[in-house]
>>> print(open('data_28.cif').read())   # mmCIF, C-alpha atoms
data_start
#
loop_
_atom_site.group_PDB
_atom_site.id
_atom_site.type_symbol
_atom_site.label_atom_id
_atom_site.label_comp_id
_atom_site.auth_asym_id
_atom_site.auth_seq_id
_atom_site.Cartn_x
_atom_site.Cartn_y
_atom_site.Cartn_z
ATOM 1 C CA MET A 1 -112.693 -7.476 69.987
ATOM 2 C CA ALA A 2 -109.830 -10.014 70.074
ATOM 3 C CA THR A 3 -108.219 -8.534 66.928
ATOM 4 C CA ALA A 4 -108.293 -5.022 68.329
ATOM 5 C CA ALA A 5 -106.772 -6.228 71.542
ATOM 6 C CA SER A 6 -103.917 -8.010 69.717
ATOM 7 C CA SER A 7 -103.210 -4.978 67.521
ATOM 8 C CA SER A 8 -103.021 -2.676 70.456
ATOM 9 C CA SER A 9 -100.738 -5.135 72.211
ATOM 10 C CA ALA A 10 -98.354 -5.178 69.187
ATOM 11 C CA HIS A 11 -98.271 -1.412 69.068
ATOM 12 C CA ALA A 12 -97.512 -1.319 72.740
ATOM 13 C CA GLN A 13 -94.594 -3.746 72.243
ATOM 14 C CA VAL A 14 -93.182 -1.672 69.367
ATOM 15 C CA ALA A 15 -93.483 1.473 71.469
ATOM 16 C CA THR A 16 -91.716 -0.246 74.338
ATOM 17 C CA ALA A 17 -88.880 -1.445 72.002
ATOM 18 C CA ALA A 18 -88.544 1.997 70.489
ATOM 19 C CA ALA A 19 -88.310 3.513 73.922
ATOM 20 C CA LYS A 20 -85.494 1.082 74.777
ATOM 21 C CA ASN A 21 -83.419 1.301 71.435
ATOM 22 C CA GLY A 22 -83.806 4.957 70.688
ATOM 23 C CA PRO A 23 -85.405 6.657 67.666
ATOM 24 C CA VAL A 24 -85.974 4.544 64.511
ATOM 25 C CA LEU A 25 -84.301 5.743 61.252
ATOM 26 C CA VAL A 26 -86.678 5.888 58.370
ATOM 27 C CA ALA A 27 -85.209 5.842 54.752
ATOM 28 C CA GLN A 28 -86.152 8.825 52.715
ATOM 29 C CA GLY A 29 -86.334 8.856 48.942
ATOM 30 C CA ASP A 30 -85.570 5.867 46.512
ATOM 31 C CA TRP A 31 -83.019 4.031 48.679
ATOM 32 C CA THR A 32 -83.153 0.866 46.484
ATOM 33 C CA LYS A 33 -81.816 2.814 43.500
ATOM 34 C CA ASN A 34 -78.951 4.162 45.616
ATOM 35 C CA LEU A 35 -77.968 0.670 46.705
ATOM 36 C CA VAL A 36 -77.920 -0.526 43.111
ATOM 37 C CA HIS A 37 -75.770 2.481 42.152
ATOM 38 C CA LEU A 38 -73.299 1.738 44.928
ATOM 39 C CA ALA A 39 -73.098 -1.911 43.912
ATOM 40 C CA LYS A 40 -72.480 -1.007 40.269
ATOM 41 C CA THR A 41 -69.839 1.541 41.284
ATOM 42 C CA ALA A 42 -67.988 -1.094 43.292
ATOM 43 C CA GLU A 43 -68.229 -3.546 40.387
ATOM 44 C CA LEU A 44 -66.964 -0.840 37.997
ATOM 45 C CA LYS A 45 -63.894 -0.246 40.163
ATOM 46 C CA LYS A 46 -63.211 -3.955 40.241
ATOM 47 C CA HIS A 47 -63.454 -4.286 36.456
ATOM 48 C CA ALA A 48 -61.420 -1.084 35.968
ATOM 49 C CA LEU A 49 -58.584 -2.534 38.044
ATOM 50 C CA THR A 50 -58.741 -5.754 36.029
ATOM 51 C CA LEU A 51 -58.712 -3.730 32.793
ATOM 52 C CA GLN A 52 -55.694 -1.716 33.938
ATOM 53 C CA LEU A 53 -53.875 -4.932 34.786
ATOM 54 C CA HIS A 54 -54.623 -6.397 31.348
ATOM 55 C CA THR A 55 -53.596 -3.098 29.697
ATOM 56 C CA ALA A 56 -50.267 -3.176 31.511
ATOM 57 C CA HIS A 57 -49.714 -6.764 30.344
ATOM 58 C CA ILE A 58 -50.572 -5.809 26.773
ATOM 59 C CA LEU A 59 -48.210 -2.798 26.792
ATOM 60 C CA SER A 60 -45.415 -4.937 28.211
ATOM 61 C CA ALA A 61 -46.060 -7.576 25.559
ATOM 62 C CA HIS A 62 -46.008 -4.883 22.841
ATOM 63 C CA ALA A 63 -42.658 -3.587 24.119
ATOM 64 C CA THR A 64 -41.255 -7.124 24.080
ATOM 65 C CA LEU A 65 -42.708 -7.645 20.597
ATOM 66 C CA ASP A 66 -41.012 -4.477 19.340
ATOM 67 C CA GLN A 67 -37.668 -5.677 20.733
ATOM 68 C CA LYS A 68 -38.132 -9.091 19.162
ATOM 69 C CA THR A 69 -39.082 -7.492 15.827
ATOM 70 C CA LYS A 70 -35.976 -5.318 15.923
ATOM 71 C CA SER A 71 -33.890 -8.389 16.753
ATOM 72 C CA ILE A 72 -35.418 -10.173 13.750
ATOM 73 C CA GLN A 73 -34.530 -7.235 11.478
ATOM 74 C CA ASP A 74 -30.959 -7.208 12.811
ATOM 75 C CA LEU A 75 -30.692 -10.958 12.277
ATOM 76 C CA LYS A 76 -32.023 -10.591 8.723
ATOM 77 C CA GLU A 77 -29.412 -7.930 7.942
ATOM 78 C CA GLN A 78 -26.691 -10.097 9.450
ATOM 79 C CA LYS A 79 -27.991 -13.071 7.498
ATOM 80 C CA ASN A 80 -27.895 -11.056 4.250
ATOM 81 C CA LYS A 81 -24.293 -10.042 4.949
ATOM 82 C CA LEU A 82 -23.370 -13.624 5.733
ATOM 83 C CA GLU A 83 -25.111 -14.792 2.584
ATOM 84 C CA SER A 84 -23.160 -12.261 0.516
ATOM 85 C CA GLU A 85 -19.943 -13.390 2.166
ATOM 86 C CA ARG A 86 -20.871 -17.021 1.543
ATOM 87 C CA LEU A 87 -21.523 -16.339 -2.138
ATOM 88 C CA ARG A 88 -18.206 -14.495 -2.421
ATOM 89 C CA LEU A 89 -16.357 -17.352 -0.768
ATOM 90 C CA LEU A 90 -18.145 -19.891 -2.958
ATOM 91 C CA LYS A 91 -17.125 -17.891 -6.013
ATOM 92 C CA CYS A 92 -13.531 -17.787 -4.805
ATOM 93 C CA LEU A 93 -13.653 -21.507 -4.078
ATOM 94 C CA ARG A 94 -15.061 -22.182 -7.538
ATOM 95 C CA GLU A 95 -12.279 -20.125 -9.113
ATOM 96 C CA VAL A 96 -9.692 -21.939 -7.013
ATOM 97 C CA ASN A 97 -11.126 -25.293 -8.069
ATOM 98 C CA GLU A 98 -11.068 -24.211 -11.713
ATOM 99 C CA ASP A 99 -7.453 -23.060 -11.409
ATOM 100 C CA ARG A 100 -6.582 -26.314 -9.669
ATOM 101 C CA ASP A 101 -8.226 -28.319 -12.456
ATOM 102 C CA LYS A 102 -6.304 -26.294 -15.036
ATOM 103 C CA ALA A 103 -3.082 -26.884 -13.108
ATOM 104 C CA ASP A 104 -3.820 -30.622 -13.000
ATOM 105 C CA ILE A 105 -4.431 -30.670 -16.755
ATOM 106 C CA MET A 106 -1.241 -28.709 -17.451
ATOM 107 C CA GLU A 107 0.706 -30.971 -15.085
ATOM 108 C CA ALA A 108 -0.579 -34.045 -16.896
ATOM 109 C CA GLN A 109 0.284 -32.527 -20.290
ATOM 110 C CA ILE A 110 3.784 -31.508 -19.208
ATOM 111 C CA THR A 111 4.335 -34.907 -17.568
ATOM 112 C CA THR A 112 3.381 -36.586 -20.844
ATOM 113 C CA GLU A 113 5.694 -34.260 -22.790
ATOM 114 C CA CYS A 114 8.544 -34.965 -20.361
ATOM 115 C CA LYS A 115 7.988 -38.693 -20.759
ATOM 116 C CA GLU A 116 8.030 -38.344 -24.538
ATOM 117 C CA LEU A 117 11.202 -36.256 -24.381
ATOM 118 C CA ARG A 118 12.914 -38.824 -22.135
ATOM 119 C CA ASN A 119 11.953 -41.597 -24.524
ATOM 120 C CA ARG A 120 13.208 -39.547 -27.459
ATOM 121 C CA ILE A 121 16.481 -38.760 -25.676
ATOM 122 C CA GLN A 122 16.968 -42.420 -24.800
ATOM 123 C CA GLN A 123 16.163 -43.452 -28.356
ATOM 124 C CA ILE A 124 18.636 -40.966 -29.855
ATOM 125 C CA THR A 125 21.263 -41.819 -27.238
ATOM 126 C CA ASP A 126 21.043 -45.536 -27.901
ATOM 127 C CA GLY A 127 20.717 -45.142 -31.652
ATOM 128 C CA ASP A 128 22.085 -42.333 -33.816
ATOM 129 C CA TYR A 129 24.154 -40.685 -31.087
ATOM 130 C CA ALA A 130 25.910 -43.911 -30.070
ATOM 131 C CA SER A 131 26.697 -44.773 -33.699
ATOM 132 C CA ALA A 132 27.955 -41.263 -34.499
ATOM 133 C CA LYS A 133 30.077 -41.137 -31.330
ATOM 134 C CA ARG A 134 31.706 -44.458 -32.139
ATOM 135 C CA ASP A 135 32.610 -43.203 -35.593
ATOM 136 C CA VAL A 136 33.952 -39.891 -34.251
ATOM 137 C CA ASP A 137 35.967 -41.570 -31.485
ATOM 138 C CA ALA A 138 37.442 -44.063 -33.964
ATOM 139 C CA LEU A 139 38.490 -41.292 -36.359
ATOM 140 C CA ARG A 140 39.963 -39.225 -33.503
ATOM 141 C CA VAL A 141 41.967 -42.210 -32.311
ATOM 142 C CA GLU A 142 43.279 -42.757 -35.859
ATOM 143 C CA LEU A 143 44.258 -39.073 -35.945
ATOM 144 C CA GLY A 144 45.974 -39.357 -32.566
ATOM 145 C CA GLU A 145 43.407 -37.269 -30.722
ATOM 146 C CA PRO A 146 41.699 -38.254 -27.462
ATOM 147 C CA ALA A 147 38.138 -39.532 -27.551
ATOM 148 C CA LEU A 148 35.289 -37.166 -26.758
ATOM 149 C CA PRO A 149 33.896 -37.194 -23.204
ATOM 150 C CA SER A 150 30.824 -39.291 -22.552
ATOM 151 C CA LEU A 151 27.346 -37.864 -22.816
ATOM 152 C CA GLN A 152 26.889 -38.118 -19.054
ATOM 153 C CA ALA A 153 30.067 -36.097 -18.444
ATOM 154 C CA THR A 154 28.874 -33.444 -20.922
ATOM 155 C CA LEU A 155 25.462 -33.220 -19.211
ATOM 156 C CA GLU A 156 27.066 -32.910 -15.774
ATOM 157 C CA GLU A 157 29.360 -30.147 -17.031
ATOM 158 C CA LYS A 158 26.405 -28.249 -18.485
ATOM 159 C CA SER A 159 24.491 -28.661 -15.217
ATOM 160 C CA GLN A 160 27.402 -27.363 -13.150
ATOM 161 C CA GLN A 161 27.823 -24.404 -15.510
ATOM 162 C CA TYR A 162 24.105 -23.598 -15.231
ATOM 163 C CA LEU A 163 24.193 -23.760 -11.437
ATOM 164 C CA LEU A 164 27.290 -21.541 -11.362
ATOM 165 C CA GLU A 165 25.619 -18.946 -13.575
ATOM 166 C CA ARG A 166 22.535 -18.985 -11.340
ATOM 167 C CA ARG A 167 24.653 -18.503 -8.210
ATOM 168 C CA LEU A 168 26.612 -15.619 -9.749
ATOM 169 C CA SER A 169 23.391 -13.965 -10.932
ATOM 170 C CA ALA A 170 21.854 -14.285 -7.453
ATOM 171 C CA GLU A 171 24.955 -12.750 -5.843
ATOM 172 C CA GLN A 172 24.913 -9.844 -8.304
ATOM 173 C CA ASN A 173 21.236 -9.211 -7.586
ATOM 174 C CA THR A 174 21.912 -9.298 -3.841
ATOM 175 C CA HIS A 175 24.792 -6.796 -4.114
ATOM 176 C CA LYS A 176 22.746 -4.537 -6.380
ATOM 177 C CA ARG A 177 19.760 -4.603 -4.019
ATOM 178 C CA ALA A 178 21.996 -3.811 -1.027
ATOM 179 C CA ALA A 179 23.599 -0.907 -2.915
ATOM 180 C CA ASP A 180 20.180 0.473 -3.922
ATOM 181 C CA GLU A 181 18.993 0.309 -0.311
ATOM 182 C CA MET A 182 22.114 2.125 0.881
ATOM 183 C CA VAL A 183 21.603 4.846 -1.735
ATOM 184 C CA LEU A 184 17.972 5.262 -0.684
ATOM 185 C CA GLU A 185 19.063 5.534 2.951
ATOM 186 C CA GLY A 186 21.693 8.135 2.054
ATOM 187 C CA VAL A 187 24.663 5.908 2.828
ATOM 188 C CA ALA A 188 27.541 5.741 0.351
ATOM 189 C CA PRO A 189 28.143 2.212 -0.958
ATOM 190 C CA PRO A 190 31.434 0.587 0.116
ATOM 191 C CA PRO A 191 34.416 0.845 -2.259
ATOM 192 C CA GLY A 192 34.479 -1.794 -4.928
ATOM 193 C CA THR A 193 30.697 -2.074 -5.134
ATOM 194 C CA LYS A 194 29.681 -1.713 -8.755
ATOM 195 C CA ARG A 195 26.205 -1.130 -9.968
ATOM 196 C CA PRO A 196 25.343 -2.525 -13.387
ATOM 197 C CA ARG A 197 24.655 0.143 -15.967
ATOM 198 C CA GLY A 198 23.248 0.193 -19.443
ATOM 199 C CA ARG A 199 22.158 -2.889 -21.294
ATOM 200 C CA PRO A 200 22.608 -6.423 -20.004
ATOM 201 C CA LYS A 201 26.041 -7.960 -20.228
ATOM 202 C CA GLY A 202 26.815 -9.336 -23.668
ATOM 203 C CA SER A 203 24.065 -7.414 -25.470
ATOM 204 C CA LYS A 204 26.626 -5.216 -27.281
ATOM 205 C CA ASN A 205 28.775 -8.092 -28.450
ATOM 206 C CA ARG A 206 26.139 -10.276 -30.003
ATOM 207 C CA LYS A 207 26.163 -8.771 -33.478
ATOM 208 C CA PRO A 208 29.951 -8.228 -33.674
ATOM 209 C CA ALA A 209 30.441 -11.816 -32.502
ATOM 210 C CA ALA A 210 28.146 -13.006 -35.243
ATOM 211 C CA ALA A 211 30.032 -10.850 -37.720
ATOM 212 C CA ALA A 212 33.316 -12.247 -36.471
ATOM 213 C CA GLY A 213 31.967 -15.756 -36.833
ATOM 214 C CA GLY A 214 30.925 -14.938 -40.372
ATOM 215 C CA GLY A 215 34.413 -13.609 -41.121
ATOM 216 C CA ASP A 216 35.997 -16.767 -39.734
ATOM 217 C CA ALA A 217 33.675 -18.806 -41.877
ATOM 218 C CA GLN A 218 34.651 -16.800 -44.947
ATOM 219 C CA LEU A 219 38.329 -17.229 -44.139
ATOM 220 C CA GLY A 220 37.749 -20.947 -43.726
ATOM 221 C CA LEU A 221 36.009 -21.091 -47.098
ATOM 222 C CA SER A 222 38.804 -19.094 -48.700
ATOM 223 C CA ALA A 223 41.425 -21.416 -47.227
ATOM 224 C CA THR A 224 39.488 -24.421 -48.483
ATOM 225 C CA GLU A 225 39.302 -23.021 -51.934
#
>>> encode(input="data_28.cif", output="structure tokens")
Amino acid sequence: MATAASSSSAHAQVATAAAKNGPVLVAQGDWTKNLVHLAKTAELKKHALTLQLHTAHILSAHATLDQKTKSIQDLKEQKNKLESERLRLLKCLREVNEDRDKADIMEAQITTECKELRNRIQQITDGDYASAKRDVDALRVELGEPALPSLQATLEEKSQQYLLERRLSAEQNTHKRAADEMVLEGVAPPPGTKRPRGRPKGSKNRKPAAAAGGGDAQLGLSATE
């Protein structure tokens, strides 16, 4: 009796609450499965956004990697060119060093030869030349002729003659070059400007001079006889 009274009292309270709050919604079908589906859908969206973010980072990293790879290739090509240039310069430097060593060797050889020649000249000057010059000067004095000039005076005269010939040759080359330039430009050379023609000066007279010398020698021999 007490249990039936309490049950009816509970039903009466529920009916009173329902009358106050309105009609009660009752879930139809498998509502637990729908909630799980909604939860998984929300989780899928979350993971999809995370995946898209990671994909964007990976694509950006790949683009940067491609640029870096291209930069490495460019640097390798530049390095190969620089290496080729370095090898070429090293080869040139090696050739220059070899030429310099050869020049040093030749300089040392020529310096030694010059020293030997100076010693030989000094030896001849102090020995045979001095004795022969004394004899010649003594005989010339006995014959009433002046003594020969000193060796130093003869060397200075030869040096001055050589320098004069060099200066005249340089002037002739300058005049000839100026005349050639004027001809190329279509300008007539000034009067008195002569351009050398034919063979070098003196080339025609070498053999006749030798022949003349031979004739003089024959005349001298004939007179002696």
>>> atom_distance(input="data_28.cif", atom1="CA of Leu89 (chain A)", atom2="CA of Lys102 (chain A)")
19.6 Å
>>> atom_distance(input="data_28.cif", atom1="CA of Tyr129 (chain A)", atom2="CA of Thr112 (chain A)")
23.5 Å
>>> atom_distance(input="data_28.cif", atom1="CA of Gln152 (chain A)", atom2="CA of Gln123 (chain A)")
15.2 Å
